[in-house]
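Asks: The structure follows.
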Amino acid sequence: MSNGTTECREIFAKAVCGKGRKFSHASHTITKNKNPTNVLGCWIYNHTYEADKVGEVIEVVGSYDINVWYSYDRNTKTDVAKETVSYVEQVPLSYLDKNTTNALEVLATATQAPNAIEASISHREDTVIVKVEREFVVEVIGETKICVQVCKGGCDDPDDKYFDDDHNNGDYEDLDADLYIDDLED
């Protein structure tokens, strides 16, 4: 493209064209044959997930293992209950630039890995309720077009560079070059 004095080019580049974030809570019920007396500990591990764009949201599909250490038989014995939990999290996009190609890449990051915030015995006393929190940040990356100005002589021609000096409107003329930060604290 050219308008006489300025020549421009359209360049394809990969760019973040969408972002989203979601913090959520979930409750899971862990059932065992032995009625628990007390919950002694709870931890979550083996978290795996994948993300894909589904309509206008990013769908994060994952799973993790929950271990609950508990006592039973009036606190005379202990056991560990293990259960694998699957989930689907719909992360809304706060913005999405539609001016991209259809070949989109989705990146998801668990900024808060699944974490057990509470584990308690249910009112029926035969299950343990585990409350979990997690957070995801997602980005959609796609190809987009940008327009750049082309210098006639290439990048090594200093006479062909145009620098916008209009931003220098004298705001810095009254600054005292001998003033130090330490002088401001007095």
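Residue numbers start at 1 in each chain; chains themselves are named A, B, ... in the order of the structure tokens; ligands are numbered from 1 in the order shown.
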Compile the contact shell of range 63-71 of chain A as number ranges by chain: residues with an atom at most 12 Å away, counting only C-alpha atoms, same-chain residues fewer than 3 positions apart removed.

Replies: A: 27-32, 34-50, 60, 74-89, 113-116, 118-121, 126-132, 134

Asks: Check the smallest atom-to-atom distance from each of A:Asp73, A:Glu143, A:Glu133, A:Glu125 to Ile11 in chain A using only C-alpha atoms, then report the winner.

Replies: A:Glu143

Asks: Check the smallest atom-to-atom distance from each of A:Asn99, A:Thr111, A:Asn33, A:Gln90 to Val54 in chain A using only C-alpha atoms, then report the winner.

Replies: A:Gln90

Asks: What's the 12 Å shell around Glu105 in chain A, counting only C-alpha atoms, without same-chain residues fewer than 3 positions away, as a PyMOL selection string?

Replies: chain A and resi 14-19+50-53+58+100-102+108+138-143

Asks: Tell me, in Å to one decimal, how far CA of Leu104 in chain A is from CA of Lys145 in chain A.

Replies: 14.3 Å

Asks: Interatomic distance between CA of Glu10 in chain A and CA of Leu93 in chain A?

Replies: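 Distance reported for this atom pair: 27.3 Å.
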
Asks: Hey, can you check how far CA of His25 in chain A sits from CA of Thr109 in chain A?

Replies: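 These two atoms are separated by 16.8 Å.
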
Asks: Run DSSP on the backbone and tell me which residues of range 24-112 of chain A come out as strand (DSSP E); list them as an mmCIF file with N, CA and C atoms, in the first residue's frame.

Replies:
```cif
data_model
loop_
_atom_site.group_PDB
_atom_site.id
_atom_site.type_symbol
_atom_site.label_atom_id
_atom_site.label_comp_id
_atom_site.auth_asym_id
_atom_site.auth_seq_id
_atom_site.Cartn_x
_atom_site.Cartn_y
_atom_site.Cartn_z
ATOM 1 N N SER A 24 -13.497 -20.174 41.165
ATOM 2 C CA SER A 24 -14.694 -20.933 41.498
ATOM 3 C C SER A 24 -14.482 -21.814 42.724
ATOM 4 N N HIS A 25 -15.605 -22.198 43.316
ATOM 5 C CA HIS A 25 -15.647 -23.138 44.430
ATOM 6 C C HIS A 25 -16.408 -24.367 43.973
ATOM 7 N N ALA A 26 -16.064 -25.509 44.523
ATOM 8 C CA ALA A 26 -16.786 -26.754 44.243
ATOM 9 C C ALA A 26 -16.818 -27.579 45.521
ATOM 10 N N SER A 27 -17.832 -28.415 45.638
ATOM 11 C CA SER A 27 -17.939 -29.342 46.771
ATOM 12 C C SER A 27 -17.981 -30.757 46.224
ATOM 13 N N HIS A 28 -17.234 -31.640 46.859
ATOM 14 C CA HIS A 28 -17.184 -33.048 46.449
ATOM 15 C C HIS A 28 -17.524 -33.909 47.664
ATOM 16 N N THR A 29 -18.276 -34.972 47.434
ATOM 17 C CA THR A 29 -18.659 -35.898 48.488
ATOM 18 C C THR A 29 -17.834 -37.176 48.351
ATOM 19 N N ILE A 30 -17.085 -37.483 49.392
ATOM 20 C CA ILE A 30 -16.250 -38.684 49.427
ATOM 21 C C ILE A 30 -16.970 -39.711 50.312
ATOM 22 N N THR A 31 -17.285 -40.867 49.742
ATOM 23 C CA THR A 31 -18.034 -41.898 50.452
ATOM 24 C C THR A 31 -17.126 -43.092 50.750
ATOM 25 N N PRO A 36 -16.829 -42.156 59.251
ATOM 26 C CA PRO A 36 -15.726 -41.404 59.853
ATOM 27 C C PRO A 36 -16.132 -40.743 61.170
ATOM 28 N N THR A 37 -15.177 -40.694 62.104
ATOM 29 C CA THR A 37 -15.384 -39.994 63.370
ATOM 30 C C THR A 37 -14.841 -38.577 63.275
ATOM 31 N N ASN A 38 -13.614 -38.442 62.735
ATOM 32 C CA ASN A 38 -12.974 -37.132 62.560
ATOM 33 C C ASN A 38 -12.213 -37.106 61.246
ATOM 34 N N VAL A 39 -12.132 -35.936 60.650
ATOM 35 C CA VAL A 39 -11.278 -35.729 59.481
ATOM 36 C C VAL A 39 -9.934 -35.252 60.005
ATOM 37 N N LEU A 40 -8.883 -35.978 59.664
ATOM 38 C CA LEU A 40 -7.542 -35.660 60.160
ATOM 39 C C LEU A 40 -6.714 -34.872 59.155
ATOM 40 N N GLY A 41 -7.087 -34.937 57.890
ATOM 41 C CA GLY A 41 -6.362 -34.200 56.864
ATOM 42 C C GLY A 41 -6.986 -34.408 55.503
ATOM 43 N N CYS A 42 -6.671 -33.489 54.587
ATOM 44 C CA CYS A 42 -7.202 -33.577 53.232
ATOM 45 C C CYS A 42 -6.230 -32.879 52.300
ATOM 46 N N TRP A 43 -5.948 -33.496 51.165
ATOM 47 C CA TRP A 43 -5.054 -32.879 50.186
ATOM 48 C C TRP A 43 -5.465 -33.271 48.778
ATOM 49 N N ILE A 44 -5.087 -32.422 47.850
ATOM 50 C CA ILE A 44 -5.421 -32.613 46.440
ATOM 51 C C ILE A 44 -4.127 -32.669 45.653
ATOM 52 N N TYR A 45 -4.053 -33.610 44.710
ATOM 53 C CA TYR A 45 -2.839 -33.753 43.909
ATOM 54 C C TYR A 45 -3.203 -34.348 42.555
ATOM 55 N N ASN A 46 -2.204 -34.507 41.692
ATOM 56 C CA ASN A 46 -2.366 -35.045 40.331
ATOM 57 C C ASN A 46 -3.370 -34.247 39.497
ATOM 58 N N HIS A 47 -3.272 -32.937 39.560
ATOM 59 C CA HIS A 47 -4.189 -32.087 38.788
ATOM 60 C C HIS A 47 -3.734 -32.026 37.327
ATOM 61 N N THR A 48 -4.624 -32.395 36.412
ATOM 62 C CA THR A 48 -4.362 -32.283 34.971
ATOM 63 C C THR A 48 -5.573 -31.627 34.323
ATOM 64 N N TYR A 49 -5.325 -30.888 33.232
ATOM 65 C CA TYR A 49 -6.430 -30.227 32.540
ATOM 66 C C TYR A 49 -6.031 -29.891 31.112
ATOM 67 N N GLU A 50 -7.042 -29.688 30.276
ATOM 68 C CA GLU A 50 -6.892 -29.232 28.905
ATOM 69 C C GLU A 50 -7.952 -28.170 28.669
ATOM 70 N N ALA A 51 -7.697 -27.283 27.699
ATOM 71 C CA ALA A 51 -8.644 -26.206 27.423
ATOM 72 C C ALA A 51 -8.887 -26.106 25.925
ATOM 73 N N ASP A 52 -10.117 -25.710 25.576
ATOM 74 C CA ASP A 52 -10.486 -25.528 24.178
ATOM 75 C C ASP A 52 -11.574 -24.466 24.103
ATOM 76 N N LYS A 53 -11.640 -23.771 22.988
ATOM 77 C CA LYS A 53 -12.671 -22.760 22.779
ATOM 78 C C LYS A 53 -13.943 -23.455 22.324
ATOM 79 N N VAL A 54 -15.027 -23.208 23.054
ATOM 80 C CA VAL A 54 -16.331 -23.777 22.726
ATOM 81 C C VAL A 54 -17.315 -22.609 22.682
ATOM 82 N N VAL A 57 -16.904 -19.184 24.987
ATOM 83 C CA VAL A 57 -16.200 -19.422 26.249
ATOM 84 C C VAL A 57 -15.044 -20.387 26.022
ATOM 85 N N ILE A 58 -14.172 -20.456 27.007
ATOM 86 C CA ILE A 58 -13.111 -21.457 27.019
ATOM 87 C C ILE A 58 -13.537 -22.531 28.007
ATOM 88 N N GLU A 59 -13.537 -23.765 27.540
ATOM 89 C CA GLU A 59 -13.933 -24.883 28.382
ATOM 90 C C GLU A 59 -12.671 -25.587 28.872
ATOM 91 N N VAL A 60 -12.504 -25.614 30.186
ATOM 92 C CA VAL A 60 -11.373 -26.295 30.812
ATOM 93 C C VAL A 60 -11.901 -27.622 31.360
ATOM 94 N N VAL A 61 -11.349 -28.724 30.872
ATOM 95 C CA VAL A 61 -11.756 -30.061 31.307
ATOM 96 C C VAL A 61 -10.573 -30.666 32.048
ATOM 97 N N GLY A 62 -10.807 -31.113 33.278
ATOM 98 C CA GLY A 62 -9.694 -31.643 34.050
ATOM 99 C C GLY A 62 -10.126 -32.621 35.117
ATOM 100 N N SER A 63 -9.123 -33.058 35.874
ATOM 101 C CA SER A 63 -9.385 -33.976 36.984
ATOM 102 C C SER A 63 -8.269 -33.824 38.025
ATOM 103 N N TYR A 64 -8.553 -34.281 39.230
ATOM 104 C CA TYR A 64 -7.559 -34.322 40.303
ATOM 105 C C TYR A 64 -7.969 -35.398 41.293
ATOM 106 N N ASP A 65 -6.994 -35.822 42.082
ATOM 107 C CA ASP A 65 -7.229 -36.822 43.118
ATOM 108 C C ASP A 65 -7.391 -36.114 44.460
ATOM 109 N N ILE A 66 -8.343 -36.594 45.240
ATOM 110 C CA ILE A 66 -8.553 -36.082 46.598
ATOM 111 C C ILE A 66 -8.269 -37.213 47.578
ATOM 112 N N ASN A 67 -7.415 -36.944 48.538
ATOM 113 C CA ASN A 67 -7.157 -37.879 49.631
ATOM 114 C C ASN A 67 -7.727 -37.288 50.917
ATOM 115 N N VAL A 68 -8.512 -38.089 51.637
ATOM 116 C CA VAL A 68 -9.039 -37.673 52.932
ATOM 117 C C VAL A 68 -8.567 -38.685 53.967
ATOM 118 N N TRP A 69 -7.821 -38.189 54.928
ATOM 119 C CA TRP A 69 -7.351 -39.018 56.037
ATOM 120 C C TRP A 69 -8.362 -38.841 57.167
ATOM 121 N N TYR A 70 -8.905 -39.924 57.642
ATOM 122 C CA TYR A 70 -9.947 -39.817 58.658
ATOM 123 C C TYR A 70 -9.800 -40.938 59.682
ATOM 124 N N SER A 71 -10.416 -40.698 60.835
ATOM 125 C CA SER A 71 -10.466 -41.742 61.881
ATOM 126 C C SER A 71 -11.882 -42.308 61.912
ATOM 127 N N TYR A 72 -11.977 -43.537 62.400
ATOM 128 C CA TYR A 72 -13.288 -44.189 62.524
ATOM 129 C C TYR A 72 -13.261 -45.117 63.730
ATOM 130 N N LYS A 77 -9.101 -46.127 64.956
ATOM 131 C CA LYS A 77 -8.444 -46.559 63.720
ATOM 132 C C LYS A 77 -8.474 -45.412 62.717
ATOM 133 N N THR A 78 -7.540 -45.465 61.754
ATOM 134 C CA THR A 78 -7.517 -44.445 60.703
ATOM 135 C C THR A 78 -7.451 -45.101 59.337
ATOM 136 N N ASP A 79 -7.833 -44.329 58.333
ATOM 137 C CA ASP A 79 -7.790 -44.795 56.949
ATOM 138 C C ASP A 79 -7.696 -43.568 56.046
ATOM 139 N N VAL A 80 -7.329 -43.816 54.795
ATOM 140 C CA VAL A 80 -7.273 -42.744 53.797
ATOM 141 C C VAL A 80 -8.219 -43.111 52.668
ATOM 142 N N ALA A 81 -9.122 -42.210 52.370
ATOM 143 C CA ALA A 81 -10.044 -42.387 51.246
ATOM 144 C C ALA A 81 -9.490 -41.604 50.059
ATOM 145 N N LYS A 82 -9.435 -42.260 48.916
ATOM 146 C CA LYS A 82 -8.926 -41.608 47.707
ATOM 147 C C LYS A 82 -10.013 -41.640 46.646
ATOM 148 N N GLU A 83 -10.225 -40.491 46.008
ATOM 149 C CA GLU A 83 -11.209 -40.426 44.935
ATOM 150 C C GLU A 83 -10.700 -39.480 43.853
ATOM 151 N N THR A 84 -10.885 -39.885 42.603
ATOM 152 C CA THR A 84 -10.540 -39.035 41.469
ATOM 153 C C THR A 84 -11.793 -38.277 41.046
ATOM 154 N N VAL A 85 -11.666 -36.965 40.932
ATOM 155 C CA VAL A 85 -12.787 -36.093 40.600
ATOM 156 C C VAL A 85 -12.530 -35.451 39.242
ATOM 157 N N SER A 86 -13.522 -35.471 38.380
ATOM 158 C CA SER A 86 -13.446 -34.790 37.074
ATOM 159 C C SER A 86 -14.308 -33.541 37.124
ATOM 160 N N TYR A 87 -13.938 -32.536 36.322
ATOM 161 C CA TYR A 87 -14.712 -31.296 36.291
ATOM 162 C C TYR A 87 -14.648 -30.678 34.900
ATOM 163 N N VAL A 88 -15.608 -29.816 34.633
ATOM 164 C CA VAL A 88 -15.627 -28.986 33.428
ATOM 165 C C VAL A 88 -15.896 -27.566 33.895
ATOM 166 N N GLU A 89 -14.979 -26.662 33.573
ATOM 167 C CA GLU A 89 -15.099 -25.257 33.991
ATOM 168 C C GLU A 89 -15.290 -24.392 32.746
ATOM 169 N N GLN A 90 -16.355 -23.602 32.717
ATOM 170 C CA GLN A 90 -16.612 -22.673 31.616
ATOM 171 C C GLN A 90 -16.020 -21.314 32.001
ATOM 172 N N VAL A 91 -14.967 -20.889 31.301
ATOM 173 C CA VAL A 91 -14.314 -19.613 31.595
ATOM 174 C C VAL A 91 -14.772 -18.593 30.558
ATOM 175 N N PRO A 92 -15.515 -17.560 30.981
ATOM 176 C CA PRO A 92 -15.966 -16.551 30.018
ATOM 177 C C PRO A 92 -14.803 -15.657 29.586
ATOM 178 N N LEU A 93 -14.865 -15.186 28.365
ATOM 179 C CA LEU A 93 -13.837 -14.283 27.849
ATOM 180 C C LEU A 93 -14.262 -12.846 28.128
ATOM 181 N N SER A 94 -13.362 -12.065 28.730
ATOM 182 C CA SER A 94 -13.675 -10.663 28.990
ATOM 183 C C SER A 94 -13.612 -9.855 27.698
ATOM 184 N N TYR A 95 -12.817 -10.301 26.754
ATOM 185 C CA TYR A 95 -12.844 -9.716 25.413
ATOM 186 C C TYR A 95 -12.377 -10.753 24.415
ATOM 187 N N LEU A 96 -12.811 -10.603 23.177
ATOM 188 C CA LEU A 96 -12.400 -11.486 22.094
ATOM 189 C C LEU A 96 -12.419 -10.684 20.813
ATOM 190 N N GLU A 105 -5.307 -20.737 19.023
ATOM 191 C CA GLU A 105 -4.598 -21.520 20.036
ATOM 192 C C GLU A 105 -5.109 -21.060 21.395
ATOM 193 N N VAL A 106 -5.404 -21.987 22.286
ATOM 194 C CA VAL A 106 -5.928 -21.649 23.606
ATOM 195 C C VAL A 106 -4.888 -22.031 24.655
ATOM 196 N N LEU A 107 -4.556 -21.068 25.523
ATOM 197 C CA LEU A 107 -3.652 -21.312 26.638
ATOM 198 C C LEU A 107 -4.429 -21.132 27.935
ATOM 199 N N ALA A 108 -4.333 -22.095 28.816
ATOM 200 C CA ALA A 108 -4.984 -22.006 30.129
ATOM 201 C C ALA A 108 -3.931 -22.206 31.207
ATOM 202 N N THR A 109 -4.010 -21.387 32.250
ATOM 203 C CA THR A 109 -3.091 -21.481 33.380
ATOM 204 C C THR A 109 -3.904 -21.541 34.664
ATOM 205 N N ALA A 110 -3.601 -22.524 35.487
ATOM 206 C CA ALA A 110 -4.250 -22.625 36.796
ATOM 207 C C ALA A 110 -3.511 -21.700 37.753
ATOM 208 N N THR A 111 -4.001 -20.462 37.905
ATOM 209 C CA THR A 111 -3.350 -19.516 38.810
ATOM 210 C C THR A 111 -3.597 -19.885 40.267
ATOM 211 N N GLN A 112 -4.667 -20.608 40.534
ATOM 212 C CA GLN A 112 -4.926 -21.202 41.840
ATOM 213 C C GLN A 112 -5.234 -22.667 41.576
#
```
